[in-house]
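K.L.:
Dropping in entry-v1.cif, which is mmCIF, C-alpha atoms:
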```
data_upload
#
loop_
_atom_site.label_atom_id
_atom_site.label_comp_id
_atom_site.auth_asym_id
_atom_site.auth_seq_id
_atom_site.Cartn_x
_atom_site.Cartn_y
_atom_site.Cartn_z
CA MET A 25 18.21 8.11 -11.91
CA ILE A 26 17.40 5.79 -9.04
CA GLU A 27 17.82 8.57 -6.52
CA HIS A 28 15.45 10.77 -8.51
CA VAL A 29 12.80 8.01 -8.67
CA TYR A 30 13.26 7.27 -4.97
CA ARG A 31 12.73 10.89 -3.97
CA ARG A 32 9.70 11.22 -6.23
CA ALA A 33 8.17 8.09 -4.70
CA SER A 34 8.87 9.42 -1.21
CA LEU A 35 6.42 12.26 -1.90
CA ALA A 36 3.52 9.81 -2.23
CA ARG A 37 1.32 8.85 0.73
CA ALA A 38 3.32 5.70 1.42
CA SER A 39 4.50 4.57 4.83
CA ALA A 40 7.91 3.58 3.42
CA VAL A 41 9.90 3.54 0.19
CA ILE A 42 12.31 0.63 -0.26
CA VAL A 43 14.46 -0.38 -3.22
CA ALA A 44 14.51 -4.16 -3.81
CA THR A 45 17.64 -5.19 -5.71
CA ASP A 46 20.04 -8.07 -6.25
CA ASP A 47 22.95 -5.74 -7.05
CA GLU A 48 25.20 -4.56 -4.23
CA ARG A 49 26.18 -1.53 -6.30
CA VAL A 50 22.56 -0.40 -6.40
CA ARG A 51 22.22 -0.99 -2.66
CA ASP A 52 25.34 1.09 -2.00
CA VAL A 53 24.06 3.96 -4.14
CA VAL A 54 20.68 3.96 -2.40
CA GLU A 55 22.17 3.84 1.07
CA GLY A 56 24.66 6.50 0.02
CA PHE A 57 21.91 9.08 -0.51
CA GLY A 58 20.11 8.00 2.67
CA GLY A 59 17.57 5.64 1.14
CA LYS A 60 16.53 2.16 2.21
CA ALA A 61 17.44 -0.92 0.16
CA LEU A 62 16.64 -4.61 0.52
CA MET A 63 18.79 -7.30 -1.06
CA THR A 64 16.92 -10.06 -2.88
CA SER A 65 17.82 -13.22 -4.80
CA GLU A 66 19.63 -13.05 -8.13
CA ARG A 67 17.39 -15.80 -9.53
CA HIS A 68 14.22 -13.76 -10.05
CA VAL A 69 12.98 -13.66 -13.63
CA THR A 70 10.41 -10.87 -13.12
CA GLY A 71 9.92 -7.81 -11.00
CA THR A 72 6.84 -9.43 -9.47
CA ASP A 73 8.96 -12.29 -8.16
CA ARG A 74 11.44 -9.85 -6.62
CA LEU A 75 8.64 -7.81 -5.06
CA ALA A 76 7.07 -10.96 -3.60
CA GLU A 77 10.34 -11.86 -1.90
CA ALA A 78 10.75 -8.33 -0.56
CA ILE A 79 7.26 -8.13 0.92
CA ARG A 80 7.91 -11.21 3.06
CA PHE A 81 10.23 -9.01 5.11
CA LEU A 82 7.84 -6.04 5.30
CA ASP A 83 4.85 -5.27 7.49
CA ALA A 84 2.53 -4.11 4.70
CA ASP A 85 -0.93 -5.12 3.53
CA ILE A 86 -0.59 -3.19 0.25
CA VAL A 87 2.58 -2.66 -1.77
CA VAL A 88 3.02 -0.48 -4.87
CA ASN A 89 5.61 -1.49 -7.45
CA VAL A 90 7.43 1.44 -9.07
CA GLN A 91 10.13 0.70 -11.64
CA ALA A 92 13.46 2.42 -11.08
CA ASP A 93 13.57 3.40 -14.76
CA GLU A 94 10.57 5.74 -14.40
CA PRO A 95 12.15 9.13 -13.60
CA LEU A 96 9.01 11.03 -14.58
CA ILE A 97 6.78 9.17 -12.12
CA GLU A 98 4.38 11.52 -10.35
CA PRO A 99 3.81 10.83 -6.64
CA ALA A 100 0.08 11.15 -7.34
CA MET A 101 0.26 8.14 -9.67
CA ILE A 102 1.39 5.94 -6.79
CA ASP A 103 -1.51 7.19 -4.70
CA GLU A 104 -3.95 6.67 -7.59
CA ALA A 105 -2.89 3.05 -8.11
CA ALA A 106 -3.34 2.31 -4.42
CA ALA A 107 -6.71 4.08 -4.40
CA ALA A 108 -7.86 2.01 -7.39
CA LEU A 109 -7.12 -1.17 -5.44
CA VAL A 110 -8.82 0.03 -2.27
CA SER A 111 -11.90 1.21 -4.19
CA ALA A 112 -12.76 -2.33 -5.31
CA PRO A 113 -13.00 -4.79 -2.39
CA ASP A 114 -12.76 -7.84 -4.68
CA ALA A 115 -9.71 -6.54 -6.55
CA SER A 116 -6.27 -8.02 -6.03
CA ILE A 117 -4.35 -5.46 -8.09
CA GLY A 118 -4.77 -1.76 -8.86
CA THR A 119 -3.20 -0.04 -11.85
CA LEU A 120 -3.54 3.01 -14.10
CA ARG A 121 -4.72 3.87 -17.59
CA LYS A 122 -4.54 6.99 -19.75
CA ALA A 123 -6.59 7.87 -22.81
CA ILE A 124 -4.83 7.23 -26.12
CA GLY A 125 -4.79 10.37 -28.20
CA SER A 126 -3.46 9.32 -31.59
CA GLU A 127 -3.66 6.53 -34.16
CA SER A 128 0.10 6.07 -34.07
CA GLU A 129 -0.01 5.52 -30.32
CA LEU A 130 -2.82 3.01 -30.70
CA ALA A 131 -0.95 1.11 -33.41
CA SER A 132 2.42 1.01 -31.65
CA PRO A 133 3.40 -2.41 -30.26
CA HIS A 134 5.65 -0.60 -27.78
CA ILE A 135 2.59 0.88 -26.06
CA VAL A 136 0.53 -1.56 -24.02
CA LYS A 137 -3.22 -1.12 -24.31
CA VAL A 138 -5.82 -2.15 -21.74
CA VAL A 139 -9.48 -2.98 -22.42
CA ILE A 140 -11.79 -2.40 -19.47
CA ASP A 141 -15.35 -3.18 -18.47
CA LEU A 142 -17.94 -0.60 -17.42
CA THR A 143 -16.59 -0.51 -13.86
CA GLY A 144 -12.96 -0.03 -14.84
CA ARG A 145 -11.86 -3.61 -14.37
CA ALA A 146 -9.23 -4.82 -16.80
CA LEU A 147 -10.52 -7.33 -19.35
CA TYR A 148 -7.35 -7.69 -21.40
CA PHE A 149 -3.95 -6.15 -22.04
CA SER A 150 -2.33 -6.20 -25.47
CA ARG A 151 0.39 -4.70 -27.62
CA ALA A 152 -2.10 -4.78 -30.50
CA ALA A 153 -4.54 -1.99 -31.39
CA VAL A 154 -7.50 -2.95 -29.21
CA PRO A 155 -10.43 -2.63 -29.24
CA PHE A 156 -10.72 -3.40 -32.96
CA VAL A 157 -13.16 -1.20 -34.88
CA ARG A 158 -15.13 -3.19 -37.46
CA ASP A 159 -16.67 -1.97 -40.74
CA GLY A 160 -15.84 1.69 -40.25
CA GLY A 161 -17.59 1.89 -36.90
CA ARG A 162 -16.94 4.59 -34.35
CA GLN A 163 -13.81 4.15 -32.22
CA GLY A 164 -14.72 3.82 -28.57
CA PRO A 165 -12.39 4.68 -25.70
CA ALA A 166 -8.89 3.33 -26.16
CA TRP A 167 -6.60 3.21 -23.14
CA ARG A 168 -2.87 3.10 -22.69
CA HIS A 169 -1.75 1.06 -19.72
CA ILE A 170 0.52 2.84 -17.24
CA GLY A 171 2.59 0.15 -15.50
CA VAL A 172 2.31 1.20 -11.87
CA TYR A 173 0.83 -1.65 -9.80
CA ALA A 174 -0.63 -1.81 -6.31
CA TYR A 175 -0.97 -5.33 -4.86
CA LYS A 176 -2.69 -6.83 -1.88
CA ARG A 177 -0.07 -8.76 0.04
CA GLU A 178 -1.57 -12.23 -0.21
CA ALA A 179 -2.48 -11.75 -3.88
CA LEU A 180 1.09 -10.81 -4.72
CA LEU A 181 2.45 -13.89 -2.97
CA ARG A 182 -0.04 -16.15 -4.76
CA LEU A 183 0.63 -14.57 -8.14
CA ALA A 184 4.40 -14.90 -7.86
CA ALA A 185 4.02 -18.62 -7.06
CA LEU A 186 2.08 -19.32 -10.28
CA PRO A 187 3.77 -20.47 -13.49
CA PRO A 188 3.73 -18.33 -16.66
CA THR A 189 0.54 -18.63 -18.71
CA PRO A 190 -0.11 -18.92 -22.48
CA LEU A 191 -1.38 -15.38 -23.06
CA GLU A 192 1.36 -13.93 -20.87
CA GLN A 193 3.97 -15.67 -22.97
CA SER A 194 2.28 -14.80 -26.26
CA GLU A 195 2.04 -11.05 -25.57
CA SER A 196 5.08 -10.92 -23.24
CA LEU A 197 2.92 -9.13 -20.68
CA GLU A 198 3.19 -10.39 -17.13
CA GLN A 199 -0.12 -8.88 -16.01
CA LEU A 200 -1.95 -11.36 -18.24
CA ARG A 201 -0.91 -14.12 -15.84
CA ALA A 202 -3.08 -12.46 -13.21
CA LEU A 203 -6.09 -12.23 -15.53
CA GLU A 204 -5.69 -15.80 -16.76
CA HIS A 205 -5.80 -17.01 -13.17
CA GLY A 206 -8.89 -14.96 -12.34
CA PHE A 207 -7.37 -12.10 -10.35
CA VAL A 208 -9.38 -8.87 -10.53
CA ILE A 209 -7.32 -5.90 -11.73
CA GLN A 210 -9.01 -2.57 -11.04
CA THR A 211 -7.84 0.36 -13.16
CA ALA A 212 -8.13 4.10 -12.59
CA GLU A 213 -7.75 6.87 -15.14
CA THR A 214 -4.81 9.18 -14.61
CA SER A 215 -4.04 12.54 -16.18
CA HIS A 216 -0.32 11.99 -15.64
CA ASP A 217 2.12 10.35 -18.00
CA THR A 218 5.56 8.81 -17.70
CA ILE A 219 8.36 7.46 -19.88
CA GLY A 220 10.17 4.26 -19.02
CA VAL A 221 13.86 4.51 -19.87
CA ASP A 222 14.72 1.42 -21.90
CA THR A 223 16.91 2.98 -24.62
CA PRO A 224 19.27 5.97 -25.08
CA ASP A 225 16.47 7.67 -27.04
CA ASP A 226 14.12 7.26 -24.07
CA LEU A 227 16.72 8.84 -21.81
CA GLU A 228 17.08 11.81 -24.14
CA ARG A 229 13.29 12.29 -24.25
CA VAL A 230 13.18 12.27 -20.44
CA ARG A 231 16.03 14.77 -20.21
CA GLN A 232 14.31 17.07 -22.69
CA ARG A 233 11.00 16.90 -20.86
CA MET A 234 12.63 17.61 -17.52
CA LYS A 235 14.57 20.50 -19.05
CA ASN A 236 11.38 22.00 -20.50
CA ALA A 237 9.55 21.55 -17.18
CA SER A 238 12.26 23.49 -15.33
CA HIS A 239 11.86 26.55 -17.57
#
```
Rewrite the coordinates I just gave you, this time as structure tokens.

P.N.:
Amino acid sequence: MIEHVYRRASLARASAVIVATDDERVRDVVEGFGGKALMTSERHVTGTDRLAEAIRFLDADIVVNVQADEPLIEPAMIDEAAAALVSAPDASIGTLRKAIGSESELASPHIVKVVIDLTGRALYFSRAAVPFVRDGGRQGPAWRHIGVYAYKREALLRLAALPPTPLEQSESLEQLRALEHGFVIQTAETSHDTIGVDTPDDLERVRQRMKNASH
């Protein structure tokens, strides 16, 4: 899987693709197929912390974080996240959103929702069905958050140095730490979708989608 994600990411308009890991087995696999890997500390609690350590060794003003369990990642999504960040000079982070198309998707706590302002800035992220529609009113746009992040270098280093925050801990959503500390997160709508592989069922869904796409 990691080789597939690596090769997909290599098709984006990035100057380099590097796997940050604390596992020598992962490093050996990556180097075995000709990729680049960077060993990091075993003590990191979050991916942001690991990314912040890695960027200290890299000559990059912007870094995009792609999870290795995202085999359906489209190279264009990486470019879109970076473009979202660049489009807003006061933004520290760029990320993606996709329109929610069903009530079940909106209600699912496994799908993270993002509420935005009129310029696409993130106001809040939640596992709950937001925005809430009161008294039978008309449902406005509801957005699913796609967890691909582009960071400005200094913002990433500052964010990783901050302690967890109350909303972050309540929702178990790391991006809320950034909002609670006043970082601007600029979102961009994407037409692409992806499936993070967290369970055997997720893996089967990915395999089925890839099989269908090859026909």

K.L.:
Name the residues in contact with range 142-159 of chain A at a cut-off of 8 Å, using only C-alpha atoms, excluding same-chain residues fewer than 4 positions from it; report them as a ChimeraX atom specification.

P.N.:
/A:130-138,163-164,166,169,195,197,199-200,203,208-212

K.L.:
Hey, can you spit out that residue selection with C-alpha atoms as a compact mmCIF listing (two decimals), in the frame of the given file?

P.N.:
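Written output follows (out36.txt):
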```txt
# COMPACT_ATOMS: atom_id res chain seq x y z
CA LEU A 130 -2.82 3.01 -30.70
CA ALA A 131 -0.95 1.11 -33.41
CA SER A 132 2.42 1.01 -31.65
CA PRO A 133 3.40 -2.41 -30.26
CA HIS A 134 5.65 -0.60 -27.78
CA ILE A 135 2.59 0.88 -26.06
CA VAL A 136 0.53 -1.56 -24.02
CA LYS A 137 -3.22 -1.12 -24.31
CA VAL A 138 -5.82 -2.15 -21.74
CA GLN A 163 -13.81 4.15 -32.22
CA GLY A 164 -14.72 3.82 -28.57
CA ALA A 166 -8.89 3.33 -26.16
CA HIS A 169 -1.75 1.06 -19.72
CA GLU A 195 2.04 -11.05 -25.57
CA LEU A 197 2.92 -9.13 -20.68
CA GLN A 199 -0.12 -8.88 -16.01
CA LEU A 200 -1.95 -11.36 -18.24
CA LEU A 203 -6.09 -12.23 -15.53
CA VAL A 208 -9.38 -8.87 -10.53
CA ILE A 209 -7.32 -5.90 -11.73
CA GLN A 210 -9.01 -2.57 -11.04
CA THR A 211 -7.84 0.36 -13.16
CA ALA A 212 -8.13 4.10 -12.59
```

K.L.:
List every residue of range 96-178 of chain A that has an atom at most 8 Å from any atom of range 28-45 of chain A, and for each one report the closest atom pair and its distance in Å to one decimal, counting all atoms listed in the file, with rows sorted by chain and then by increasing residue number, as a Markdown table.

P.N.:
```
| residue | atom | partner | partner_atom | distance |
| --- | --- | --- | --- | --- |
| A:Leu96 | CA | A:Val29 | CA | 7.6 |
| A:Ile97 | CA | A:Arg32 | CA | 6.9 |
| A:Glu98 | CA | A:Arg32 | CA | 6.7 |
| A:Pro99 | CA | A:Ala36 | CA | 4.5 |
| A:Ala100 | CA | A:Ala36 | CA | 6.3 |
| A:Ile102 | CA | A:Ala36 | CA | 6.3 |
| A:Asp103 | CA | A:Ala36 | CA | 6.2 |
```

K.L.:
Just checking: using all atoms listed in the file, which residue out of A:Ile124, A:Glu48, A:His68, A:Gly206 ends up closest to Val139 in chain A?

P.N.:
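Closest residue, counting all atoms listed in the file: A:Ile124.
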
K.L.:
With distances taken over all atoms listed in the file, which residue among A:Glu27, A:Asp217, A:Glu66, A:Glu228 lies nearest Val54 in chain A?

P.N.:
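Ranked by minimum distance to Val54 in chain A, first place goes to A:Glu27.
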
K.L.:
Enumerate, as number ranges by chain, the residues matched when the PyMOL selection byres ((chain A and resi 178) around 10) is run on the file above.

P.N.:
A: 76, 79, 85-86, 116, 175-177, 179-183

K.L.:
Record the distance separating CA of Arg233 in chain A and CA of Arg121 in chain A, expressed in Å with one decimal.

P.N.:
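CA of Arg121 in chain A lies at a distance of 20.7 Å from CA of Arg233 in chain A.
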
K.L.:
Residues at most 9 Å from Asn89 in chain A, counting all atoms listed in the file, excluding those fewer than 2 positions away in the same chain, as an MDAnalysis selection string?

P.N.:
chainID A and resid 71:72 75 87 91 102 171:175

K.L.:
Please compute the CA of Ile140 in chain A-CA of Trp167 in chain A distance, one decimal, in Å.

P.N.:
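CA of Trp167 in chain A lies 8.5 Å from CA of Ile140 in chain A.
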
K.L.:
Rounded to one decimal in Å, what is the spacing between CA of Asp83 in chain A and CA of Val110 in chain A?

P.N.:
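Interatomic distance, CA of Asp83 in chain A to CA of Val110 in chain A: 17.6 Å.
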
K.L.:
Counting only C-alpha atoms, which of A:Ala184, A:Ala123, A:Met234, A:Ala112 gets nearest to Ala78 in chain A?

P.N.:
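The shortest atom-to-atom distance to Ala78 in chain A comes from A:Ala184.
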
K.L.:
Check what the PyMOL selection byres ((chain A and resi 93) around 7) selects in the file above and give those residues as a ChimeraX atom specification.

P.N.:
/A:91-92,94-95,220-221

K.L.:
Please list as a PyMOL selection string every residue within 10 Å of Asp46 in chain A, counting all atoms listed in the file and excluding residues in the same chain fewer than 3 positions away.

P.N.:
chain A and resi 43+49-51+61-68+74

K.L.:
Got time to write the residues from that selection, C-alpha atoms, as a PDB file, in the coordinates of the input?

P.N.:
```
ATOM      1  CA  VAL A  43      14.460  -0.380  -3.220  1.00  0.00           C
ATOM      2  CA  ARG A  49      26.180  -1.530  -6.300  1.00  0.00           C
ATOM      3  CA  VAL A  50      22.560  -0.400  -6.400  1.00  0.00           C
ATOM      4  CA  ARG A  51      22.220  -0.990  -2.660  1.00  0.00           C
ATOM      5  CA  ALA A  61      17.440  -0.920   0.160  1.00  0.00           C
ATOM      6  CA  LEU A  62      16.640  -4.610   0.520  1.00  0.00           C
ATOM      7  CA  MET A  63      18.790  -7.300  -1.060  1.00  0.00           C
ATOM      8  CA  THR A  64      16.920 -10.060  -2.880  1.00  0.00           C
ATOM      9  CA  SER A  65      17.820 -13.220  -4.800  1.00  0.00           C
ATOM     10  CA  GLU A  66      19.630 -13.050  -8.130  1.00  0.00           C
ATOM     11  CA  ARG A  67      17.390 -15.800  -9.530  1.00  0.00           C
ATOM     12  CA  HIS A  68      14.220 -13.760 -10.050  1.00  0.00           C
ATOM     13  CA  ARG A  74      11.440  -9.850  -6.620  1.00  0.00           C
TER      14      ARG A  74
END
```

K.L.:
Find the smallest box with edges along x, y and z containing every listed atom of range 115-122 of chain A, then add 6 Å on each side and report centre and edge lengths in Å to one decimal, as JSON.

P.N.:
```
{"center_x": -6.5, "center_y": -0.5, "center_z": -12.9, "size_x": 18.5, "size_y": 27.0, "size_z": 25.7}
```

K.L.:
In terms of the shortest atom-to-atom distance over all atoms listed in the file, which of A:Pro113, A:Pro190, A:Ala105, A:Arg168 is closest to Gly125 in chain A?

P.N.:
A:Arg168
